[in-house]
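*Asks:* First the structure, which I've put down as structure tokens, then a few questions once you've had a look.
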Amino acid sequence: MKSTILAVVALVVGLIAGYLVGMYSAPKPTTPATQTSAPAAAQCPVSVDIIKKRGKLILGTDATWPPWEWVANNTFVGWDIDIAREIAKALGVELEIRDMRFAGLLEAVRKGDVDLALSAITWTTEREKVLEFSMPYYLESIVVVTKTSRNDINKVEDLYGKKVGVQIGTTHDEWATTNLEKPGKASVSRYDKVYPYMVEVLRRGDVDAIILDRSIATALVRKFPDLKIAFELPGSAGYISAAMPKCAQDLKLVVNQVIENLMQTGKLEEIMQKNFELFLQS
């Protein structure tokens with residue numbers, strides 16, 4: 001876990017350096033900033049002022065993804081939930097959590113139905129076209145999980161002819177569609193919720209394997225000894241960030257400040273370790 005945090009810190013330094021270089025080398029806009037920035041800010045459904053006047057930060061999440069976010073004893077808990085609480089604290093407001101299907105979460109952010117989303121969201125170039133992303137706070141990879149009793153699934157080709165489970169709207173879904181379903185190499189089943197639904201169908205044998213982020217897979221195989229991580233998808237490393245509407249630049253500044261502070265103080269690692277253990281004990 002510690003090495004992952006250090007990797008993200010190194011990434012952030014690189015991103016800042018790249019940003020500064022781009023800022024001074026990029027061509028200047030031909031339209032005066034005063035003619036474009038003011039109307040955009042006025043029309044933005046999400047801003048720090050709006051949040052403070054409302055008195056609460058509205059978080060969108062899919063609470064079926066432990067240890068990132070899940071429900072324990074009728075309470076939302078998880079890595080992302082604790083980070084969201086820190087953001088709300090920095091803004092001086094309460095936190096309202098809206099639990100929704102991941103398939104509709106990013107669209108809710110784009111439209112401003114929620115102020116931001118924290119839900120183990122992987123940054124991609126396609127998503128960045130319509131959403132604003134915070135600085136990354138975790139380095140993730142994608143793995144294939146099977147039952148421990150199986151020894152026949154150890155690489156991508158071993159999934160051919162099998163039934164594979166993914167969550168709707170995720171990067172896992174995209175990968176399975178492109179590499180398994182469209183070429184007709186495997187059958188793909190899609191689910192709204194990872195935990196407990198996808199875990200249950202795998203343990204029952206309804207599917208041969210499920211595709212997950214390594215972080216949740218690590219927690220699940222610790223909690224359910226009859227499951228194992230079979231292998232990691234090649235080239236699947238990606239960065240986890242908070243998502244906001246494109247126009248919410250002032251909120252992005254606050255979110256980045258909170259994340260940076262959590263990383264520098266070591267509190268981010270404490271949050272992650274605490275929730276990892278909480279899930280194992282639940």
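In the structure tokens, chains take letters A, B, ... by order of appearance, with residues numbered from 1 within each chain and ligands from 1 in the order shown.
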Show me, as a list in words, the residues that have an atom within 9 Å of Asn154 (chain A) when counting only C-alpha atoms, minus same-chain residues fewer than 6 positions from it.
*Replies:*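 Counting only the stated atoms, we get Val144, Ala230 and Phe231 of chain A.
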*Asks:* Can you write out the residues you just picked, keeping C-alpha atoms, as a PDB file, in the first residue's frame?
*Replies:*
ATOM      1  CA  VAL A 144      -9.365 -11.584 -13.125  1.00  0.00           C
ATOM      2  CA  ALA A 230      -5.950 -15.584 -11.236  1.00  0.00           C
ATOM      3  CA  PHE A 231      -3.940 -12.962 -13.148  1.00  0.00           C
TER       4      PHE A 231
END
*Asks:* Please measure the separation of CA of Tyr160 (chain A) and CA of Glu200 (chain A), giving the value in Å to one decimal.
*Replies:*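 It comes out at 21.9 Å.
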*Asks:* Would you compute the distance between CA of Phe133 (chain A) and CA of Asn256 (chain A)? Give it in Å to one decimal.
*Replies:* 9.5 Å
*Asks:* For each of A:Asp192, A:Asp152, A:Asp115, A:Asp213, take the minimum atom-to-atom distance to Trp68 (chain A), counting only C-alpha atoms, then give the residue where this is smallest.
*Replies:*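 Among the listed residues, the smallest separation from Trp68 (chain A) belongs to A:Asp213.
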*Asks:* For Lys267 (chain A), which residue out of A:Val194, A:Val254, A:Leu59, A:Ile83 is the nearest one, using only C-alpha atoms?
*Replies:* A:Ile83
*Asks:* Can you tell me, as a VMD selection string, which residues in region 37-278 of chain A count as strand (DSSP E) by DSSP?
*Replies:* chain A and resid 56 to 61 70 to 72 75 to 77 94 to 99 116 to 117 131 to 133 138 to 140 142 to 147 163 to 167 187 to 191 209 to 213 227 to 232 238 to 240 243 to 245
*Asks:* Work out how far apart CA of Arg54 (chain A) and CA of Leu251 (chain A) are and give it in Å to one decimal.
*Replies:*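 Separation between CA of Arg54 (chain A) and CA of Leu251 (chain A): 14.3 Å.
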*Asks:* Excluding region 86-93 of chain A and any residue of its chain fewer than 3 positions from it, enumerate the residues within 8 Å of it, using only C-alpha atoms, and give them as a list in words.
*Replies:*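 Result of the neighbour search: Val48, Ile51, Lys52, Gly55, Lys56, Leu57, Asp82, Ile83, Val254, Val255 and Val258 of chain A.
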*Asks:* Go ahead and save the picked residues with N, CA and C atoms, as a short mmCIF file (atom, residue, chain, number, x, y, z; two decimals), in the first residue's frame.
*Replies:*
data_model
loop_
_atom_site.label_atom_id
_atom_site.label_comp_id
_atom_site.auth_asym_id
_atom_site.auth_seq_id
_atom_site.Cartn_x
_atom_site.Cartn_y
_atom_site.Cartn_z
N VAL A 48 -18.00 26.28 -5.74
CA VAL A 48 -17.78 26.36 -4.29
C VAL A 48 -18.83 27.26 -3.65
N ILE A 51 -22.17 25.41 -3.33
CA ILE A 51 -22.08 24.38 -2.29
C ILE A 51 -22.15 25.01 -0.91
N LYS A 52 -21.42 26.11 -0.71
CA LYS A 52 -21.41 26.75 0.60
C LYS A 52 -22.77 27.37 0.93
N GLY A 55 -25.00 24.63 1.89
CA GLY A 55 -24.64 24.07 3.20
C GLY A 55 -24.31 22.60 3.18
N LYS A 56 -24.18 22.03 1.99
CA LYS A 56 -23.83 20.62 1.91
C LYS A 56 -23.17 20.31 0.57
N LEU A 57 -22.27 19.33 0.60
CA LEU A 57 -21.61 18.82 -0.58
C LEU A 57 -22.32 17.54 -0.99
N ASP A 82 -14.48 8.53 3.25
CA ASP A 82 -13.67 9.32 4.18
C ASP A 82 -13.00 10.49 3.47
N ILE A 83 -12.56 10.29 2.24
CA ILE A 83 -11.98 11.41 1.47
C ILE A 83 -13.04 12.48 1.24
N VAL A 254 -10.10 22.92 -4.59
CA VAL A 254 -10.29 22.49 -3.20
C VAL A 254 -10.04 20.99 -3.06
N VAL A 255 -10.59 20.20 -3.99
CA VAL A 255 -10.42 18.75 -3.95
C VAL A 255 -8.94 18.39 -4.05
N VAL A 258 -7.14 19.08 -0.77
CA VAL A 258 -7.44 18.08 0.26
C VAL A 258 -6.67 16.79 -0.01
#
*Asks:* Looking only at alpha helix (DSSP H) from DSSP on the backbone, list the matching residues of region 14-229 of chain A as a VMD selection string.
*Replies:* chain A and resid 14 to 25 33 to 43 48 to 54 79 to 91 102 to 111 125 to 128 171 to 176 199 to 204 214 to 223
*Asks:* Using only C-alpha atoms for the distances, tell me which of A:Leu212, A:Leu233, A:Ala117, A:Cys247 is nearest to Pro66 (chain A).
*Replies:*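 Residue with the minimum atom-to-atom distance to Pro66 (chain A): A:Leu212.
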*Asks:* Tell me which protein, DNA and RNA residues are within 10 Å of Glu157 (chain A), counting only C-alpha atoms, leaving out same-chain ones fewer than 2 positions away, and put them as a list in words.
*Replies:* Ile153, Asn154, Lys155, Leu159, Tyr160, Gly161, Leu180, Lys185 and Ala186 of chain A
*Asks:* Residues as selected, all heavy atoms, written as a PDB file, in the first residue's frame, can you do that?
*Replies:*
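File result_12.pdb, as written:
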ATOM      1  N   ILE A 153      -7.526 -21.085 -15.576  1.00  0.00           N
ATOM      2  CA  ILE A 153      -7.602 -19.699 -16.036  1.00  0.00           C
ATOM      3  C   ILE A 153      -6.408 -18.934 -15.471  1.00  0.00           C
ATOM      4  O   ILE A 153      -6.392 -18.561 -14.291  1.00  0.00           O
ATOM      5  CB  ILE A 153      -8.928 -19.036 -15.599  1.00  0.00           C
ATOM      6  CG1 ILE A 153     -10.121 -19.781 -16.204  1.00  0.00           C
ATOM      7  CG2 ILE A 153      -8.955 -17.568 -16.017  1.00  0.00           C
ATOM      8  CD1 ILE A 153     -11.475 -19.230 -15.808  1.00  0.00           C
ATOM      9  N   ASN A 154      -5.406 -18.720 -16.320  1.00  0.00           N
ATOM     10  CA  ASN A 154      -4.167 -18.086 -15.874  1.00  0.00           C
ATOM     11  C   ASN A 154      -3.704 -16.960 -16.803  1.00  0.00           C
ATOM     12  O   ASN A 154      -2.708 -16.304 -16.520  1.00  0.00           O
ATOM     13  CB  ASN A 154      -3.053 -19.128 -15.772  1.00  0.00           C
ATOM     14  CG  ASN A 154      -3.417 -20.260 -14.826  1.00  0.00           C
ATOM     15  OD1 ASN A 154      -3.572 -20.058 -13.627  1.00  0.00           O
ATOM     16  ND2 ASN A 154      -3.573 -21.466 -15.373  1.00  0.00           N
ATOM     17  N   LYS A 155      -4.415 -16.769 -17.916  1.00  0.00           N
ATOM     18  CA  LYS A 155      -4.072 -15.715 -18.873  1.00  0.00           C
ATOM     19  C   LYS A 155      -5.314 -15.371 -19.679  1.00  0.00           C
ATOM     20  O   LYS A 155      -6.340 -16.055 -19.585  1.00  0.00           O
ATOM     21  CB  LYS A 155      -2.933 -16.160 -19.790  1.00  0.00           C
ATOM     22  CG  LYS A 155      -3.195 -17.432 -20.579  1.00  0.00           C
ATOM     23  CD  LYS A 155      -1.965 -17.835 -21.370  1.00  0.00           C
ATOM     24  CE  LYS A 155      -2.222 -19.072 -22.236  1.00  0.00           C
ATOM     25  NZ  LYS A 155      -2.580 -20.248 -21.434  1.00  0.00           N
ATOM     26  N   LEU A 159      -9.680 -17.252 -20.961  1.00  0.00           N
ATOM     27  CA  LEU A 159     -11.064 -16.795 -20.805  1.00  0.00           C
ATOM     28  C   LEU A 159     -11.915 -17.122 -22.026  1.00  0.00           C
ATOM     29  O   LEU A 159     -13.145 -17.054 -21.956  1.00  0.00           O
ATOM     30  CB  LEU A 159     -11.095 -15.280 -20.570  1.00  0.00           C
ATOM     31  CG  LEU A 159     -10.462 -14.763 -19.265  1.00  0.00           C
ATOM     32  CD1 LEU A 159     -10.459 -13.243 -19.258  1.00  0.00           C
ATOM     33  CD2 LEU A 159     -11.199 -15.305 -18.052  1.00  0.00           C
ATOM     34  N   TYR A 160     -11.283 -17.485 -23.119  1.00  0.00           N
ATOM     35  CA  TYR A 160     -12.014 -17.789 -24.348  1.00  0.00           C
ATOM     36  C   TYR A 160     -12.927 -19.000 -24.126  1.00  0.00           C
ATOM     37  O   TYR A 160     -12.515 -20.023 -23.556  1.00  0.00           O
ATOM     38  CB  TYR A 160     -11.056 -18.079 -25.494  1.00  0.00           C
ATOM     39  CG  TYR A 160     -10.175 -16.916 -25.890  1.00  0.00           C
ATOM     40  CD1 TYR A 160      -9.129 -17.090 -26.801  1.00  0.00           C
ATOM     41  CD2 TYR A 160     -10.381 -15.635 -25.363  1.00  0.00           C
ATOM     42  CE1 TYR A 160      -8.312 -16.026 -27.171  1.00  0.00           C
ATOM     43  CE2 TYR A 160      -9.571 -14.579 -25.722  1.00  0.00           C
ATOM     44  CZ  TYR A 160      -8.532 -14.778 -26.620  1.00  0.00           C
ATOM     45  OH  TYR A 160      -7.726 -13.718 -26.980  1.00  0.00           O
ATOM     46  N   GLY A 161     -14.167 -18.849 -24.526  1.00  0.00           N
ATOM     47  CA  GLY A 161     -15.137 -19.915 -24.346  1.00  0.00           C
ATOM     48  C   GLY A 161     -15.742 -19.960 -22.959  1.00  0.00           C
ATOM     49  O   GLY A 161     -16.559 -20.837 -22.664  1.00  0.00           O
ATOM     50  N   LEU A 180     -13.380  -9.609 -25.566  1.00  0.00           N
ATOM     51  CA  LEU A 180     -14.017 -10.917 -25.406  1.00  0.00           C
ATOM     52  C   LEU A 180     -15.332 -11.035 -26.168  1.00  0.00           C
ATOM     53  O   LEU A 180     -15.529 -11.962 -26.949  1.00  0.00           O
ATOM     54  CB  LEU A 180     -14.245 -11.208 -23.916  1.00  0.00           C
ATOM     55  CG  LEU A 180     -13.011 -11.253 -23.021  1.00  0.00           C
ATOM     56  CD1 LEU A 180     -13.430 -11.491 -21.574  1.00  0.00           C
ATOM     57  CD2 LEU A 180     -12.030 -12.325 -23.475  1.00  0.00           C
ATOM     58  N   LYS A 185     -15.285 -14.305 -28.496  1.00  0.00           N
ATOM     59  CA  LYS A 185     -14.362 -15.227 -27.826  1.00  0.00           C
ATOM     60  C   LYS A 185     -14.868 -15.697 -26.465  1.00  0.00           C
ATOM     61  O   LYS A 185     -14.417 -16.718 -25.946  1.00  0.00           O
ATOM     62  CB  LYS A 185     -12.989 -14.562 -27.666  1.00  0.00           C
ATOM     63  CG  LYS A 185     -12.306 -14.299 -28.998  1.00  0.00           C
ATOM     64  CD  LYS A 185     -10.968 -13.605 -28.792  1.00  0.00           C
ATOM     65  CE  LYS A 185     -10.263 -13.391 -30.126  1.00  0.00           C
ATOM     66  NZ  LYS A 185      -8.972 -12.679 -29.960  1.00  0.00           N
ATOM     67  N   ALA A 186     -15.797 -14.936 -25.866  1.00  0.00           N
ATOM     68  CA  ALA A 186     -16.323 -15.319 -24.555  1.00  0.00           C
ATOM     69  C   ALA A 186     -17.685 -14.671 -24.344  1.00  0.00           C
ATOM     70  O   ALA A 186     -18.035 -13.694 -25.010  1.00  0.00           O
ATOM     71  CB  ALA A 186     -15.360 -14.900 -23.445  1.00  0.00           C
TER      72      ALA A 186
END
*Asks:* Pick the closest to Leu253 (chain A) from A:Tyr197, A:Ile211, A:Leu118, A:Glu132: which is it, counting only C-alpha atoms?
*Replies:* A:Glu132
*Asks:* Quick one: of A:Glu94, A:Asp99, A:Asp208, A:Glu128, who's nearest to Ser149 (chain A), counting only C-alpha atoms?
*Replies:*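 Among the listed residues, A:Asp208 lies closest to Ser149 (chain A).
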